[in-house]
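Participant: Shown below is the structure under consideration.
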Amino acid sequence: MNWGSVDIGVVDVFWAFLSVFFFVGFGAYKITTHLPGKYETYRLYVLFQDLIRYGKTKQNLKRADWLSVFDVPKRWFWHFYAVSVGWNGLLLLLSASVLLQQQSYPQWLTGIVDILTGAPSTDGSVPQLSTLLVQLLLWIHSLRRLLECLFVSVFSGGVIHLVQYLFGLGYYILLGLTVLCSDRLGKGSGGLLSQLNWFHAAGITLFILASLLQHQSMVLLARLRTGNSGRVETLVHKEPKGGWFQLVSCPHYFAELLIYIALSLVLGGFSVTWWLVVLYVLCNQALAAQLCHDLYISKYESYPRHRKAFIPFVL
């Protein structure tokens, strides 16, 4: 791939902006942890904390009563994945029709991608098979997370901010469009089977392993609130143990990052656009993991201080 020839589109600017936004947010949060206690009542401080926290990390936040107007239940997380299953399933079907039946994308969809990429719908360096595989894997990931939210996770009375909720609804819509934008970098030649390459196998393997890690972590978190019968016994937050929780406070967030890296591998590592998505996921999940990590340290006296928050032995 000739990296120097890569064009920057609206979609690239957007993901780069989100990455910088959450990176700055992460840095700002780290600074707030060293501020004197008196700043905890400052309006700007409270608004910032209210926007970056959700679920268990938000329950002890001292804030004005009017801010609760913007709270929605955290259990509504399943809405995000339901939207993704529907939307990305539709895009997958459309791509399958384009690649297998030699049909064209709908004009409305082509127009959106044209705007996001700033390039006409003609050509790029990502094989068509890669695009189809990433769409399939993204749909599988969304379906698994939807089923986990509905049948595995045990939600308490935790809340998320309305801004976070609206962002989550739009996130997977843009993510599906981003896959199509990545396809503009190039198209493969020959039949689908002739496009098979080693990076497809590497990416799919990493995707499966990361998905298993994330599912195991979600099951372990759910078992903190259920008994041997599987029935919910408590909604109290307990110290997570077992599995990769022995290495990091949030292995499910680490697995999320690995899943997006896996999708980038399936694209052959050719898509700068998708690497910007990976960068965003890194910054976003790092902030969420640090919030959980700091909560565990402050709440459980025996919590290992050497344990990392997000990436084993690193962060």
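Just so we're on the same page: first chain in the structure tokens is A, next is B, and so on; residues restart at 1 for each chain, and ligands are numbered from 1 in the order they show up.
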Fewer than 3 positions away in the same chain doesn't count, so skip those; otherwise give me all residues within 7 Å of segment 84-89 of chain A, counting only C-alpha atoms, as JSON, numbers by chain.

Facilitator: {"A": [80, 81, 92, 93, 135, 139, 142, 143, 172, 173, 176]}

Participant: Near Leu175 of chain A, counting only C-alpha atoms, which residues have an atom at most 12 Å away, once you skip same-chain residues fewer than 2 positions from it, shown as a PyMOL selection string?

Facilitator: chain A and resi 11-12+14-15+80+83-85+87-88+91+113+116+134-135+138-139+142+167-173+177-182+260+263+273-274+276-278+280-281

Participant: Write the residues you've just listed into a file as an mmCIF file, in the first residue's frame, and include C-alpha atoms for each of them.

Facilitator:
data_model
loop_
_atom_site.group_PDB
_atom_site.id
_atom_site.type_symbol
_atom_site.label_atom_id
_atom_site.label_comp_id
_atom_site.auth_asym_id
_atom_site.auth_seq_id
_atom_site.Cartn_x
_atom_site.Cartn_y
_atom_site.Cartn_z
ATOM 1 C CA VAL A 11 -15.009 10.271 8.065
ATOM 2 C CA ASP A 12 -11.270 10.338 8.854
ATOM 3 C CA PHE A 14 -14.462 12.652 12.518
ATOM 4 C CA TRP A 15 -12.716 9.589 13.963
ATOM 5 C CA PHE A 80 -27.156 0.132 20.814
ATOM 6 C CA VAL A 83 -29.665 -0.868 16.195
ATOM 7 C CA SER A 84 -26.332 -2.315 15.078
ATOM 8 C CA VAL A 85 -27.763 -5.754 14.315
ATOM 9 C CA TRP A 87 -28.408 -1.531 10.414
ATOM 10 C CA ASN A 88 -25.219 -3.484 9.857
ATOM 11 C CA LEU A 91 -25.463 -3.166 4.949
ATOM 12 C CA VAL A 113 -20.362 7.370 1.431
ATOM 13 C CA LEU A 116 -17.954 10.882 4.042
ATOM 14 C CA VAL A 134 -15.589 -7.170 8.303
ATOM 15 C CA GLN A 135 -19.304 -6.493 7.887
ATOM 16 C CA LEU A 138 -19.201 -6.685 12.999
ATOM 17 C CA TRP A 139 -22.728 -8.090 12.742
ATOM 18 C CA SER A 142 -23.217 -6.874 17.679
ATOM 19 C CA PHE A 167 -23.986 8.898 20.865
ATOM 20 C CA GLY A 168 -24.229 5.136 21.308
ATOM 21 C CA LEU A 169 -27.256 4.930 19.016
ATOM 22 C CA GLY A 170 -25.446 6.775 16.247
ATOM 23 C CA TYR A 171 -22.106 5.081 16.818
ATOM 24 C CA TYR A 172 -22.870 1.762 15.156
ATOM 25 C CA ILE A 173 -24.639 3.456 12.270
ATOM 26 C CA LEU A 177 -20.722 3.348 6.995
ATOM 27 C CA THR A 178 -17.049 3.535 7.920
ATOM 28 C CA VAL A 179 -16.548 -0.038 6.716
ATOM 29 C CA LEU A 180 -17.906 1.006 3.321
ATOM 30 C CA CYS A 181 -15.689 4.100 3.385
ATOM 31 C CA SER A 182 -12.681 1.860 3.988
ATOM 32 C CA TYR A 260 -11.292 -3.750 16.450
ATOM 33 C CA LEU A 263 -11.122 -6.152 12.014
ATOM 34 C CA THR A 273 -9.715 5.107 8.230
ATOM 35 C CA TRP A 274 -10.171 1.940 10.259
ATOM 36 C CA LEU A 276 -8.439 5.835 13.269
ATOM 37 C CA VAL A 277 -11.434 3.863 14.544
ATOM 38 C CA VAL A 278 -9.028 1.633 16.487
ATOM 39 C CA TYR A 280 -10.740 6.057 19.056
ATOM 40 C CA VAL A 281 -11.604 2.718 20.709
#

Participant: Which parts of segment 88-232 of chain A does DSSP call helix (DSSP H, G or I) when run on the backbone here, written out as an MDAnalysis selection string?

Facilitator: chainID A and resid 88:100 107:117 128:151 162:183 193:195 198:223

Participant: Env of Phe22 of chain A: 6 Å cut, atoms = only C-alpha atoms, seq-sep filter 3 positions within chain, self excluded. Answer as a list in words.

Facilitator: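 In the requested format, the answer is Ser19, Gly25, Phe26, Cys283 and Asn284 of chain A.
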
Participant: Between atom CA of Gly227 of chain A and atom CA of His215 of chain A, what is the distance in Å, rounded to a tenth?

Facilitator: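 Calculated distance between atom CA of Gly227 of chain A and atom CA of His215 of chain A is 18.5 Å.
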
Participant: With 12 Å as the cut-off and only C-alpha atoms counted, what is the closest atom pair between each nearby residue of segment 150-200 of chain A and segment 232-235 of chain A? Distances in Å to one decimal, ordered by chain and number, as CSV.

Facilitator:
residue,atom,partner,partner_atom,distance
A:Phe151,CA,A:Val232,CA,11.9
A:Val152,CA,A:Val232,CA,10.8
A:Ser153,CA,A:Val232,CA,10.3
A:Val154,CA,A:Val232,CA,7.5
A:Phe155,CA,A:Leu235,CA,7.5
A:Ser156,CA,A:Leu235,CA,5.4
A:Gly157,CA,A:Leu235,CA,8.3
A:Gly158,CA,A:Leu235,CA,10.1

Participant: Within 8 Å of segment 41-51 of chain A, counting only C-alpha atoms, which residues show up once you throw out same-chain ones fewer than 2 positions away? Write them as a PyMOL selection string, please.

Facilitator: chain A and resi 38-39+53-54+58+61-63+161+163-164

Participant: For the structure I just gave you, how does DSSP split segment 15-193 of chain A - specifically, which residues are strand (DSSP E or B)? Reply as a PDB file with C-alpha atoms, in the first residue's frame.

Facilitator:
ATOM      1  CA  ASP A  71     -30.130  10.078  33.135  1.00  0.00           C
ATOM      2  CA  VAL A  72     -31.312   7.015  31.242  1.00  0.00           C
ATOM      3  CA  PRO A  73     -31.004   3.411  32.508  1.00  0.00           C
ATOM      4  CA  SER A 125      -7.018  -0.958  -2.155  1.00  0.00           C
ATOM      5  CA  VAL A 159     -27.525   5.154  34.625  1.00  0.00           C
ATOM      6  CA  ILE A 160     -25.858   6.735  31.619  1.00  0.00           C
ATOM      7  CA  HIS A 161     -26.062  10.305  30.402  1.00  0.00           C
ATOM      8  CA  GLY A 186      -9.341  -0.132  -3.154  1.00  0.00           C
TER       9      GLY A 186
END

Participant: Can you tell me, as a ChimeraX atom specification, what residues are no more than 12 Å from segment 297-303 of chain A when counting only C-alpha atoms, ignoring any on the same chain fewer than 2 positions away?

Facilitator: /A:33,56-57,60,237-241,245-249,290-295,305-309

Participant: Which residues come within 8 Å of Leu257 of chain A, counting only C-alpha atoms, excluding same-chain residues fewer than 2 positions away, as JSON, numbers by chain?

Facilitator: {"A": [253, 254, 255, 259, 260, 261, 278, 281, 282, 285]}

Participant: One decimal, in Å: what's the spacing between atom CA of Val69 of chain A and atom CA of Ile52 of chain A?

Facilitator: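 The value is 16.2 Å.
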
Participant: Kindly indicate which residue among A:Phe310, A:Arg231, A:Arg225, A:Ser271 lies nearest to Cys250 of chain A, using only C-alpha atoms for the distances.

Facilitator: A:Phe310

Participant: Write out as a list of chain:residue names each polymer residue whose atoms come within 7 Å of His252 of chain A, counting only C-alpha atoms; drop sequence neighbours fewer than 4 positions from it.

Facilitator: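 So the residues in contact are A:Gln214, A:Ser217, A:Met218, A:Glu256.
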
Participant: Could you turn the residues from that selection into a file that holds N, CA and C atoms, as a PDB file, in the first residue's frame?

Facilitator:
ATOM      1  N   GLN A 214     -13.953 -11.620  25.848  1.00  0.00           N
ATOM      2  CA  GLN A 214     -14.966 -10.669  26.281  1.00  0.00           C
ATOM      3  C   GLN A 214     -16.186 -11.381  26.864  1.00  0.00           C
ATOM      4  N   SER A 217     -15.435 -12.665  30.310  1.00  0.00           N
ATOM      5  CA  SER A 217     -15.408 -11.562  31.269  1.00  0.00           C
ATOM      6  C   SER A 217     -16.822 -11.117  31.642  1.00  0.00           C
ATOM      7  N   MET A 218     -17.711 -11.056  30.649  1.00  0.00           N
ATOM      8  CA  MET A 218     -19.094 -10.663  30.929  1.00  0.00           C
ATOM      9  C   MET A 218     -19.786 -11.698  31.804  1.00  0.00           C
ATOM     10  N   GLU A 256     -12.445  -5.617  23.692  1.00  0.00           N
ATOM     11  CA  GLU A 256     -13.082  -4.751  22.695  1.00  0.00           C
ATOM     12  C   GLU A 256     -12.035  -4.141  21.772  1.00  0.00           C
TER      13      GLU A 256
END

Participant: Rank nothing, just name the residue among A:Leu99, A:Leu166, A:Leu147, A:Ala210 nearest to Phe70 of chain A, using only C-alpha atoms.

Facilitator: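 Using only C-alpha atoms, Phe70 of chain A sits closest to A:Leu166.
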